[in-house]
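Quick look at upload.txt (compact mmCIF, C-alpha atoms (C1' of nucleotides)):
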# COMPACT_ATOMS: atom_id res chain seq x y z
CA MET Y 1 -48.80 -79.40 -64.93
CA THR Y 2 -46.48 -76.85 -63.52
CA ARG Y 3 -47.06 -73.23 -64.04
CA TRP Y 4 -43.83 -72.76 -66.01
CA GLU Y 5 -42.02 -74.83 -68.56
CA PRO Y 6 -39.07 -76.48 -66.78
CA GLY Y 7 -35.43 -75.89 -67.64
CA ALA Y 8 -35.56 -72.13 -67.85
CA GLN Y 9 -31.81 -71.78 -67.37
CA GLU Y 10 -31.07 -74.34 -70.05
CA ARG Y 11 -33.40 -72.62 -72.52
CA LEU Y 12 -31.81 -69.26 -71.82
CA ASN Y 13 -28.38 -70.79 -72.27
CA SER Y 14 -28.99 -72.32 -75.65
CA ALA Y 15 -30.94 -69.33 -76.91
CA ALA Y 16 -28.04 -67.10 -75.96
CA MET Y 17 -25.41 -69.32 -77.55
CA GLN Y 18 -27.36 -69.46 -80.77
CA LEU Y 19 -27.84 -65.71 -80.94
CA TYR Y 20 -24.24 -64.96 -79.98
CA ALA Y 21 -23.05 -67.29 -82.71
CA SER Y 22 -25.35 -66.00 -85.41
CA LYS Y 23 -25.42 -62.25 -84.92
CA GLY Y 24 -22.56 -61.64 -82.52
CA PHE Y 25 -22.34 -61.01 -78.80
CA GLU Y 26 -22.64 -57.24 -78.73
CA GLU Y 27 -25.38 -57.19 -81.31
CA THR Y 28 -27.46 -59.54 -79.19
CA THR Y 29 -29.77 -58.00 -76.65
CA VAL Y 30 -30.69 -59.63 -73.37
CA ALA Y 31 -34.31 -58.93 -74.21
CA GLU Y 32 -33.88 -60.93 -77.41
CA ILE Y 33 -32.39 -63.88 -75.55
CA ALA Y 34 -35.20 -63.83 -73.02
CA GLU Y 35 -37.85 -63.64 -75.72
CA ALA Y 36 -36.28 -66.51 -77.63
CA ALA Y 37 -36.45 -68.55 -74.43
CA GLY Y 38 -40.01 -67.46 -73.71
CA LEU Y 39 -39.04 -65.53 -70.61
CA THR Y 40 -38.43 -61.99 -69.44
CA GLU Y 41 -35.25 -59.96 -69.37
CA ARG Y 42 -35.59 -59.80 -65.60
CA THR Y 43 -35.62 -63.57 -65.38
CA PHE Y 44 -32.45 -63.81 -67.43
CA PHE Y 45 -30.65 -61.86 -64.75
CA ARG Y 46 -32.02 -64.15 -62.07
CA HIS Y 47 -30.20 -67.06 -63.72
CA PHE Y 48 -27.02 -65.34 -64.91
CA ALA Y 49 -25.12 -62.60 -63.15
CA ASP Y 50 -24.60 -60.79 -66.43
CA LYS Y 51 -24.76 -61.17 -70.18
CA ARG Y 52 -21.30 -62.73 -70.42
CA GLU Y 53 -21.69 -65.27 -67.68
CA VAL Y 54 -23.87 -67.44 -69.90
CA LEU Y 55 -20.75 -68.65 -71.66
CA PHE Y 56 -18.98 -69.53 -68.43
CA ALA Y 57 -21.67 -71.29 -66.46
CA GLY Y 58 -20.18 -74.54 -65.23
CA SER Y 59 -16.60 -73.38 -65.21
CA GLU Y 60 -16.51 -74.02 -61.48
CA LEU Y 61 -16.75 -77.72 -62.29
CA LEU Y 62 -13.59 -77.64 -64.36
CA GLU Y 63 -11.87 -75.76 -61.58
CA GLN Y 64 -13.01 -78.25 -58.99
CA GLN Y 65 -11.82 -81.12 -61.16
CA MET Y 66 -8.38 -79.62 -61.47
CA VAL Y 67 -8.11 -78.78 -57.80
CA ASP Y 68 -9.07 -82.35 -56.94
CA GLY Y 69 -6.40 -83.55 -59.35
CA ALA Y 70 -3.83 -81.42 -57.55
CA LYS Y 71 -4.94 -82.71 -54.18
CA ALA Y 72 -4.67 -86.31 -55.34
CA ALA Y 73 -1.03 -85.96 -56.39
CA PRO Y 74 1.49 -88.08 -54.48
CA GLU Y 75 2.64 -86.74 -51.14
CA ASN Y 76 6.19 -85.93 -52.20
CA ALA Y 77 5.35 -84.45 -55.62
CA SER Y 78 7.20 -81.33 -56.72
CA PRO Y 79 5.23 -78.13 -57.46
CA LEU Y 80 5.38 -78.80 -61.18
CA GLU Y 81 4.24 -82.39 -60.70
CA VAL Y 82 1.26 -81.25 -58.67
CA VAL Y 83 0.29 -78.81 -61.39
CA ARG Y 84 0.72 -81.51 -63.95
CA ALA Y 85 -1.68 -83.72 -62.05
CA ALA Y 86 -4.20 -80.88 -62.16
CA VAL Y 87 -3.88 -80.42 -65.91
CA GLU Y 88 -4.12 -84.16 -66.46
CA ALA Y 89 -7.32 -84.20 -64.47
CA SER Y 90 -8.76 -81.55 -66.77
CA ALA Y 91 -8.41 -83.81 -69.80
CA ALA Y 92 -11.59 -85.60 -68.74
CA TYR Y 93 -13.44 -82.42 -69.61
CA PHE Y 94 -12.34 -82.50 -73.20
CA PRO Y 95 -13.28 -85.73 -74.91
CA ALA Y 96 -13.14 -85.76 -78.70
CA ASP Y 97 -16.89 -85.34 -79.05
CA ARG Y 98 -16.87 -82.05 -77.22
CA ARG Y 99 -14.36 -80.56 -79.58
CA SER Y 100 -16.76 -78.93 -82.01
CA TYR Y 101 -18.78 -77.36 -79.20
CA SER Y 102 -15.59 -76.06 -77.61
CA ARG Y 103 -14.54 -74.67 -80.95
CA MET Y 104 -17.77 -72.75 -81.40
CA ARG Y 105 -17.61 -71.40 -77.89
CA ALA Y 106 -13.99 -70.33 -78.35
CA GLU Y 107 -14.89 -68.61 -81.60
CA ILE Y 108 -17.56 -66.56 -79.89
CA ILE Y 109 -15.24 -65.62 -77.06
CA ASN Y 110 -12.28 -64.75 -79.25
CA ALA Y 111 -14.47 -62.49 -81.35
CA ASN Y 112 -15.21 -60.21 -78.43
CA PRO Y 113 -12.89 -58.34 -76.05
CA GLN Y 114 -15.42 -58.28 -73.23
CA LEU Y 115 -15.69 -62.03 -73.35
CA LEU Y 116 -11.94 -62.39 -73.50
CA GLU Y 117 -11.69 -60.36 -70.33
CA ARG Y 118 -14.12 -62.63 -68.60
CA GLU Y 119 -12.24 -65.70 -69.74
CA LEU Y 120 -9.02 -64.27 -68.41
CA ARG Y 121 -10.69 -63.70 -65.09
CA LYS Y 122 -11.82 -67.31 -64.96
CA MET Y 123 -8.29 -68.42 -65.68
CA SER Y 124 -7.13 -66.13 -62.92
CA THR Y 125 -9.47 -67.62 -60.33
CA LEU Y 126 -8.42 -71.07 -61.51
CA SER Y 127 -4.83 -70.10 -60.96
CA ALA Y 128 -5.67 -68.77 -57.52
CA ALA Y 129 -7.45 -72.00 -56.62
CA LEU Y 130 -4.47 -74.05 -57.70
CA THR Y 131 -2.17 -71.80 -55.75
CA ARG Y 132 -4.23 -72.33 -52.64
CA ALA Y 133 -4.24 -76.08 -53.17
CA MET Y 134 -0.46 -76.00 -53.33
CA ASN Y 135 -0.20 -73.83 -50.26
CA ASP Y 136 -2.27 -76.43 -48.44
CA ARG Y 137 0.31 -78.98 -49.48
CA GLY Y 138 3.02 -76.92 -47.85
CA ILE Y 139 4.43 -75.36 -50.99
CA GLU Y 140 5.61 -71.85 -50.25
CA GLU Y 141 5.36 -68.60 -52.16
CA PRO Y 142 6.29 -67.59 -54.72
CA ALA Y 143 6.89 -71.14 -55.95
CA ALA Y 144 3.21 -72.00 -55.62
CA THR Y 145 2.05 -68.99 -57.65
CA LEU Y 146 4.67 -69.52 -60.32
CA ALA Y 147 3.81 -73.18 -60.65
CA ALA Y 148 0.08 -72.55 -60.74
CA GLN Y 149 0.45 -69.84 -63.37
CA SER Y 150 2.67 -72.06 -65.44
CA GLY Y 151 0.12 -74.83 -65.17
CA VAL Y 152 -2.66 -72.56 -66.36
CA THR Y 153 -0.49 -71.42 -69.24
CA VAL Y 154 0.16 -75.01 -70.25
CA PHE Y 155 -3.56 -75.63 -69.99
CA ARG Y 156 -4.38 -72.71 -72.26
CA VAL Y 157 -1.74 -73.57 -74.84
CA THR Y 158 -2.92 -77.15 -74.85
CA PHE Y 159 -6.54 -76.15 -75.24
CA ALA Y 160 -5.68 -73.84 -78.14
CA ALA Y 161 -3.86 -76.70 -79.85
CA TRP Y 162 -6.74 -79.06 -79.12
CA ILE Y 163 -9.29 -76.95 -80.96
CA ALA Y 164 -6.91 -75.86 -83.71
CA PRO Y 165 -7.84 -77.02 -87.21
CA GLY Y 166 -5.75 -79.79 -88.72
CA ARG Y 167 -4.91 -83.19 -87.35
CA GLU Y 168 -7.01 -83.80 -84.29
CA ARG Y 169 -5.20 -85.23 -81.31
CA SER Y 170 -6.25 -86.06 -77.79
CA PHE Y 171 -6.08 -83.45 -75.09
CA ASP Y 172 -3.92 -85.73 -73.02
CA ASP Y 173 -1.31 -86.17 -75.74
CA LEU Y 174 -1.11 -82.48 -76.39
CA GLN Y 175 -0.85 -81.65 -72.72
CA ARG Y 176 2.13 -83.98 -72.38
CA GLU Y 177 3.87 -82.28 -75.27
CA THR Y 178 3.27 -78.81 -73.90
CA PHE Y 179 4.71 -79.75 -70.54
CA ALA Y 180 7.79 -81.07 -72.30
CA GLU Y 181 8.16 -77.72 -74.06
CA LEU Y 182 7.91 -75.93 -70.74
CA GLY Y 183 10.67 -78.11 -69.34
CA ALA Y 184 12.86 -77.37 -72.34
CA LEU Y 185 12.38 -73.67 -71.76
CA THR Y 186 14.36 -73.36 -68.57
CA ALA Y 187 16.74 -76.13 -69.52
CA GLY Y 188 17.79 -74.62 -72.87
CA MET O 1 -6.08 -17.00 -73.03
CA THR O 2 -7.48 -20.17 -74.38
CA ARG O 3 -11.11 -20.92 -74.29
CA TRP O 4 -10.66 -23.96 -72.05
CA GLU O 5 -8.41 -24.69 -69.15
CA PRO O 6 -5.59 -26.87 -70.46
CA GLY O 7 -4.89 -30.42 -69.31
CA ALA O 8 -8.41 -31.73 -69.45
CA GLN O 9 -7.26 -35.33 -69.57
CA GLU O 10 -4.96 -34.86 -66.63
CA ARG O 11 -7.73 -33.23 -64.57
CA LEU O 12 -10.13 -36.03 -65.40
CA ASN O 13 -7.48 -38.56 -64.47
CA SER O 14 -6.71 -37.18 -61.04
CA ALA O 15 -10.35 -36.48 -60.26
CA ALA O 16 -11.19 -40.07 -61.11
CA MET O 17 -8.34 -41.52 -59.06
CA GLN O 18 -9.33 -39.47 -56.05
CA LEU O 19 -12.97 -40.47 -56.26
CA TYR O 20 -12.19 -44.14 -56.91
CA ALA O 21 -9.92 -44.14 -53.88
CA SER O 22 -12.30 -42.35 -51.56
CA LYS O 23 -15.71 -43.77 -52.36
CA GLY O 24 -14.90 -46.78 -54.49
CA PHE O 25 -14.96 -47.49 -58.21
CA GLU O 26 -18.53 -48.66 -58.63
CA GLU O 27 -19.92 -45.99 -56.37
CA THR O 28 -18.30 -43.32 -58.48
CA THR O 29 -20.29 -41.94 -61.37
CA VAL O 30 -18.74 -40.68 -64.58
CA ALA O 31 -20.86 -37.56 -64.20
CA GLU O 32 -19.23 -36.98 -60.80
CA ILE O 33 -15.75 -37.32 -62.23
CA ALA O 34 -16.54 -34.92 -65.02
CA GLU O 35 -18.04 -32.39 -62.66
CA ALA O 36 -15.04 -32.61 -60.34
CA ALA O 37 -12.85 -31.87 -63.35
CA GLY O 38 -15.10 -29.05 -64.52
CA LEU O 39 -16.14 -30.88 -67.67
CA THR O 40 -19.01 -32.88 -69.09
CA GLU O 41 -19.67 -36.57 -68.99
CA ARG O 42 -19.49 -36.60 -72.78
CA THR O 43 -16.03 -35.11 -72.67
CA PHE O 44 -14.84 -37.81 -70.29
CA PHE O 45 -15.63 -40.39 -72.93
CA ARG O 46 -13.73 -38.40 -75.53
CA HIS O 47 -10.56 -38.85 -73.44
CA PHE O 48 -11.10 -42.35 -72.08
CA ALA O 49 -12.68 -45.28 -73.88
CA ASP O 50 -14.53 -46.24 -70.73
CA LYS O 51 -14.69 -45.73 -66.99
CA ARG O 52 -11.98 -48.30 -66.28
CA GLU O 53 -9.48 -47.13 -68.81
CA VAL O 54 -8.57 -44.13 -66.65
CA LEU O 55 -6.47 -46.43 -64.50
CA PHE O 56 -4.64 -47.90 -67.45
CA ALA O 57 -3.81 -44.87 -69.54
CA GLY O 58 -0.14 -45.07 -70.40
CA SER O 59 0.15 -48.81 -70.13
CA GLU O 60 1.19 -48.89 -73.79
CA LEU O 61 4.40 -47.19 -72.73
CA LEU O 62 5.31 -49.99 -70.36
CA GLU O 63 4.54 -52.50 -73.06
CA GLN O 64 6.69 -50.66 -75.57
CA GLN O 65 9.52 -50.48 -73.07
CA MET O 66 9.42 -54.21 -72.52
CA VAL O 67 9.16 -55.03 -76.21
CA ASP O 68 12.16 -52.82 -76.88
CA GLY O 69 14.02 -54.64 -74.14
CA ALA O 70 13.23 -57.95 -75.78
CA LYS O 71 14.38 -56.67 -79.16
CA ALA O 72 17.64 -55.43 -77.72
CA ALA O 73 18.59 -58.84 -76.30
CA PRO O 74 21.73 -60.47 -77.75
CA GLU O 75 21.32 -62.28 -81.06
CA ASN O 76 21.79 -65.78 -79.67
CA ALA O 77 19.72 -65.35 -76.49
CA SER O 78 17.45 -68.20 -75.45
CA PRO O 79 13.68 -67.57 -75.16
CA LEU O 80 13.93 -67.18 -71.40
CA GLU O 81 16.84 -64.78 -71.72
CA VAL O 82 14.88 -62.62 -74.14
CA VAL O 83 11.99 -62.49 -71.74
CA ARG O 84 14.35 -61.66 -68.94
CA ALA O 85 15.66 -58.72 -70.93
CA ALA O 86 12.09 -57.50 -71.30
CA VAL O 87 11.38 -57.71 -67.58
CA GLU O 88 14.66 -56.01 -66.78
CA ALA O 89 13.69 -53.18 -69.10
CA SER O 90 10.47 -52.72 -67.16
CA ALA O 91 12.34 -51.97 -63.95
CA ALA O 92 12.88 -48.41 -65.19
CA TYR O 93 9.15 -47.91 -64.76
CA PHE O 94 9.25 -48.64 -61.07
CA PRO O 95 11.66 -46.39 -59.23
CA ALA O 96 11.31 -46.27 -55.46
CA ASP O 97 9.46 -42.96 -55.53
CA ARG O 98 6.65 -44.39 -57.58
CA ARG O 99 5.97 -47.11 -55.10
CA SER O 100 3.29 -45.38 -53.06
CA TYR O 101 1.40 -44.32 -56.17
CA SER O 102 1.59 -47.87 -57.51
CA ARG O 103 0.36 -49.14 -54.21
CA MET O 104 -2.69 -46.90 -54.23
CA ARG O 105 -3.49 -47.83 -57.80
CA ALA O 106 -3.14 -51.53 -57.04
CA GLU O 107 -5.42 -51.16 -54.06
CA ILE O 108 -8.14 -49.62 -56.19
CA ILE O 109 -7.80 -52.30 -58.81
CA ASN O 110 -7.73 -55.21 -56.41
CA ALA O 111 -10.87 -53.95 -54.74
CA ASN O 112 -12.93 -54.33 -57.90
CA PRO O 113 -13.48 -57.34 -60.17
CA GLN O 114 -14.18 -55.22 -63.23
CA LEU O 115 -10.85 -53.50 -62.84
CA LEU O 116 -9.11 -56.81 -62.27
CA GLU O 117 -10.51 -58.04 -65.56
CA ARG O 118 -9.17 -55.02 -67.34
CA GLU O 119 -5.77 -55.48 -65.77
CA LEU O 120 -5.70 -59.10 -66.86
CA ARG O 121 -6.49 -58.00 -70.38
CA LYS O 122 -3.59 -55.57 -70.33
CA MET O 123 -1.31 -58.36 -69.18
CA SER O 124 -2.67 -60.50 -71.96
CA THR O 125 -1.91 -57.94 -74.67
CA LEU O 126 1.52 -57.49 -73.13
CA SER O 127 2.07 -61.21 -73.36
CA ALA O 128 0.90 -61.19 -76.98
CA ALA O 129 3.30 -58.35 -77.82
CA LEU O 130 6.21 -60.23 -76.26
CA THR O 131 5.22 -63.36 -78.12
CA ARG O 132 5.28 -61.46 -81.40
CA ALA O 133 8.65 -59.97 -80.57
CA MET O 134 10.00 -63.44 -80.03
CA ASN O 135 8.45 -64.76 -83.20
CA ASP O 136 10.24 -61.96 -85.03
CA ARG O 137 13.45 -63.28 -83.55
CA GLY O 138 12.79 -66.69 -85.03
CA ILE O 139 11.54 -68.36 -81.87
CA GLU O 140 8.83 -70.85 -82.73
CA GLU O 141 5.55 -71.76 -81.12
CA PRO O 142 4.67 -72.84 -78.55
CA ALA O 143 8.03 -71.93 -77.00
CA ALA O 144 7.45 -68.22 -77.66
CA THR O 145 4.03 -68.19 -76.01
CA LEU O 146 5.22 -70.20 -73.03
CA ALA O 147 8.23 -67.98 -72.53
CA ALA O 148 6.22 -64.78 -72.88
CA GLN O 149 3.59 -65.98 -70.43
CA SER O 150 6.25 -67.02 -67.98
CA GLY O 151 7.83 -63.62 -68.32
CA VAL O 152 4.56 -61.86 -67.60
CA THR O 153 4.03 -64.10 -64.60
CA VAL O 154 7.47 -63.22 -63.26
CA PHE O 155 6.65 -59.58 -63.86
CA ARG O 156 3.40 -59.81 -61.92
CA VAL O 157 4.90 -61.74 -59.03
CA THR O 158 7.75 -59.26 -58.86
CA PHE O 159 5.41 -56.29 -58.94
CA ALA O 160 3.30 -57.77 -56.15
CA ALA O 161 6.42 -58.22 -54.03
CA TRP O 162 7.57 -54.71 -54.89
CA ILE O 163 4.45 -53.06 -53.49
CA ALA O 164 4.06 -55.50 -50.59
CA PRO O 165 4.40 -53.98 -47.12
CA GLY O 166 7.56 -54.71 -45.20
CA ARG O 167 11.14 -54.25 -46.20
CA GLU O 168 11.25 -52.28 -49.43
CA ARG O 169 13.59 -53.59 -52.08
CA SER O 170 14.33 -52.52 -55.62
CA PHE O 171 12.29 -53.89 -58.49
CA ASP O 172 15.44 -55.13 -60.13
CA ASP O 173 16.55 -57.16 -57.12
CA LEU O 174 13.15 -58.75 -56.73
CA GLN O 175 12.91 -59.56 -60.40
CA ARG O 176 16.21 -61.39 -60.24
CA GLU O 177 15.00 -63.47 -57.34
CA THR O 178 11.74 -64.35 -59.02
CA PHE O 179 13.53 -65.56 -62.13
CA ALA O 180 15.71 -67.75 -59.96
CA GLU O 181 12.57 -69.27 -58.42
CA LEU O 182 11.20 -69.96 -61.87
CA GLY O 183 14.40 -71.75 -62.79
CA ALA O 184 14.23 -73.84 -59.64
CA LEU O 185 10.70 -74.86 -60.53
CA THR O 186 11.51 -77.02 -63.53
CA ALA O 187 14.87 -78.08 -62.15
CA GLY O 188 13.51 -79.40 -58.86
C1' DA W 1 -8.41 -7.12 -91.99
C1' DG W 2 -11.30 -10.60 -93.18
C1' DC W 3 -12.44 -15.47 -94.03
C1' DG W 4 -12.95 -19.95 -93.04
C1' DC W 5 -11.25 -24.17 -91.06
C1' DA W 6 -9.94 -27.26 -87.32
C1' DC W 7 -10.76 -28.74 -82.86
C1' DA W 8 -12.04 -29.21 -78.06
C1' DT W 9 -16.07 -28.88 -75.78
C1' DG W 10 -21.24 -28.54 -74.73
C1' DT W 11 -26.09 -30.16 -75.40
C1' DC W 12 -29.49 -33.46 -76.07
C1' DA W 13 -31.67 -37.59 -77.17
C1' DG W 14 -31.47 -42.39 -76.91
C1' DC W 15 -30.17 -47.47 -76.27
C1' DG W 16 -29.11 -51.24 -73.52
C1' DA W 17 -27.26 -53.53 -69.24
C1' DC W 18 -28.55 -54.21 -64.77
C1' DT W 19 -31.30 -53.57 -60.10
C1' DG W 20 -34.98 -52.91 -56.58
C1' DT W 21 -39.64 -53.67 -55.52
C1' DC W 22 -43.93 -55.49 -55.52
C1' DA W 23 -47.53 -58.50 -57.45
C1' DT W 24 -48.93 -63.16 -59.04
C1' DC W 25 -49.91 -67.84 -58.75
C1' DA W 26 -48.91 -72.79 -58.70
C1' DC W 27 -47.41 -76.11 -55.47
C1' DT W 28 -46.63 -77.89 -50.62
C1' DA W 29 -46.76 -78.57 -45.62
C1' DG W 30 -49.52 -78.45 -41.69
C1' DC E 1 -58.31 -74.68 -45.69
C1' DT E 2 -54.54 -71.79 -44.82
C1' DA E 3 -50.03 -70.09 -44.76
C1' DG E 4 -45.72 -70.20 -46.81
C1' DT E 5 -42.28 -70.91 -50.60
C1' DG E 6 -40.32 -70.12 -54.96
C1' DA E 7 -40.07 -68.99 -59.74
C1' DT E 8 -41.76 -65.63 -62.61
C1' DG E 9 -43.82 -61.07 -64.48
C1' DA E 10 -44.39 -56.04 -64.51
C1' DC E 11 -42.52 -51.64 -63.95
C1' DA E 12 -39.77 -47.92 -62.89
C1' DG E 13 -35.29 -46.23 -62.43
C1' DT E 14 -29.97 -45.60 -62.62
C1' DC E 15 -25.89 -45.54 -65.12
C1' DG E 16 -22.48 -46.52 -68.84
C1' DC E 17 -21.86 -45.27 -73.30
C1' DT E 18 -22.89 -43.36 -78.27
C1' DG E 19 -24.45 -40.48 -82.21
C1' DA E 20 -25.62 -36.05 -84.02
C1' DC E 21 -25.43 -31.41 -84.04
C1' DA E 22 -24.26 -26.77 -82.18
C1' DT E 23 -20.75 -23.45 -80.44
C1' DG E 24 -16.93 -20.55 -79.99
C1' DT E 25 -11.84 -19.84 -80.15
C1' DG E 26 -7.41 -19.69 -82.27
C1' DC E 27 -4.88 -20.20 -86.56
C1' DG E 28 -3.45 -20.00 -91.27
C1' DC E 29 -4.41 -18.16 -95.71
C1' DT E 30 -5.30 -14.64 -98.79
Would you mind giving the structure from this file in structure tokens?
Amino acid sequence: MTRWEPGAQERLNSAAMQLYASKGFEETTVAEIAEAAGLTERTFFRHFADKREVLFAGSELLEQQMVDGAKAAPENASPLEVVRAAVEASAAYFPADRRSYSRMRAEIINANPQLLERELRKMSTLSAALTRAMNDRGIEEPAATLAAQSGVTVFRVTFAAWIAPGRERSFDDLQRETFAELGALTAG
Amino acid sequence: MTRWEPGAQERLNSAAMQLYASKGFEETTVAEIAEAAGLTERTFFRHFADKREVLFAGSELLEQQMVDGAKAAPENASPLEVVRAAVEASAAYFPADRRSYSRMRAEIINANPQLLERELRKMSTLSAALTRAMNDRGIEEPAATLAAQSGVTVFRVTFAAWIAPGRERSFDDLQRETFAELGALTAG
DNA sequence: AGCGCACATGTCAGCGACTGTCATCACTAG
DNA sequence: CTAGTGATGACAGTCGCTGACATGTGCGCT
């Protein structure tokens, strides 16, 4: 018998998601989230830096996964090949059964400018991490930055296609196609 | 003899910039800015949507300039050429005598995550505007999005180089070099 | 001249995000 | 048994931002 119910962070997380989805992000109050989770507003802020961060908890894992993918690329890989390895590594994060959750999350984020800003920042730190990984491999600037940014763009386009309504295809397939489009861009 | 000193927005703007630069963005209070400009906090919010927006007032002009550049590209231009026209059109915004101002502004922004988020959002709406301009030209997805994003990336890399310390070169020169690097990326 | 309207600002009250500080109380190590 | 740790509660306070209403000046209309 512990003094508190366990899994406070998890309860806060799901309470927040539910409220954001049902009545909207801005219309939801941190006090409401806390109450729904049986906790205090103050405790919410002990688990999440701010009201938006709830939706991005765990994004460091995706970043780590992608960085590891970049590091594992063959020694003599070109910048674009390294970035491709990173994006391929991210596919593990998006199995078919996570699609509907990802869709809901994306809907919440796209409905609110503040959340969009936060998402962009996450993409930016991801890009920075990839850039650093490439620098460590001896790739110089600005090639590293350009490649990393391009990789993140491919990632975002792929993700958008992955959650788009219509025929549902695997993340990996879509990612391959998007990279092909990128190649065609500078070739054409 | 008007009732109020003219140029309220301008006064608020320069007061804010000065305070942000001297004591930092977060440490500066909207009330302080208003007082320094001889106005009220309420009036500040009548001129700027929020505390961050002060640093981004006028960014619609740059966007418009770039969109116009994209529209003016030759009929048969490839996606990348259209985007290049847009970036070239932006060079007019960055004459040598604006460099030190741009530097100061960038320093303020880079010192604060909230401001970085806002900047990323501006870049995102710019990218969306370019994408739409390309769609209007008959360029399909995802080529349009990829090209627009690549263009924005080139723009950002170029801008960073433009304000970097060391030998000072023209925006136009740097932009040309960055595009060449982008080309080398998918070729290599 | 007189009238009233538009408009930029001031005043005030209030909400909600976020923080600092201190108290509480189970559990644990010694 | 005692001291310490760690998650939580309670509370007060700051600041960004908004809505509602008042105010006074210049301008056009008659």
- Message: Based on all atoms listed in the file, which of the residues in chain O come within 12 Å of chain W? I want them as a list in words.
- Response: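 So the contacting residues turn out to be Thr2, Arg3, Trp4, Glu5, Pro6, Gly7, Ala8, Gln9, Gly38, Leu39, Thr40, Glu41, Arg42, Thr43, Phe44, Phe45, Arg46 and His47 of chain O.
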- Message: Residues of chain E were defined as contacting chain O if any atom lay at most 10 Å from it, counting only C-alpha atoms (C1' of nucleotides); please report them as a ChimeraX atom specification.
- Response: /E:15-18,24-26
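The point (13.3, -49.2, -68.8) has these residues within 10 Å of it, counting all atoms listed in the file: O:Leu61, O:Leu62, O:Gln64, O:Gln65, O:Met66, O:Asp68, O:Gly69, O:Ala86, O:Val87, O:Glu88, O:Ala89, O:Ser90, O:Ala91, O:Ala92, O:Tyr93, O:Phe94.
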- Message: Within 9 Å of chain Y, which residues belong to chain O? Use all atoms listed in the file and report them as number ranges by chain.
- Response: O: 78-80, 113, 116-121, 124, 142-143, 145-147, 149-150, 153-154, 157, 178, 181-188
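CA of Arg103 in chain Y is positioned 9.3 Å from CA of Ala160 in chain Y.
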- Task: Could you jot down the CA of Leu12 in chain O to CA of Glu32 in chain O separation for me, Å, one decimal place?
- Result: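 Interatomic distance, CA of Leu12 in chain O to CA of Glu32 in chain O: 10.2 Å.
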- Query: Which is closest to Lys23 in chain O among O:Glu35, O:Gln175, O:Ile108, O:Ala128, if we use all atoms listed in the file?
  - Reply: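 Looking only at the distances to Lys23 in chain O, the closest residue turns out to be O:Ile108.
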- Atom pair CA of Arg137 in chain O / CA of Ala148 in chain Y: separation (Å):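 About the pair CA of Arg137 in chain O and CA of Ala148 in chain Y: they are 28.0 Å apart.
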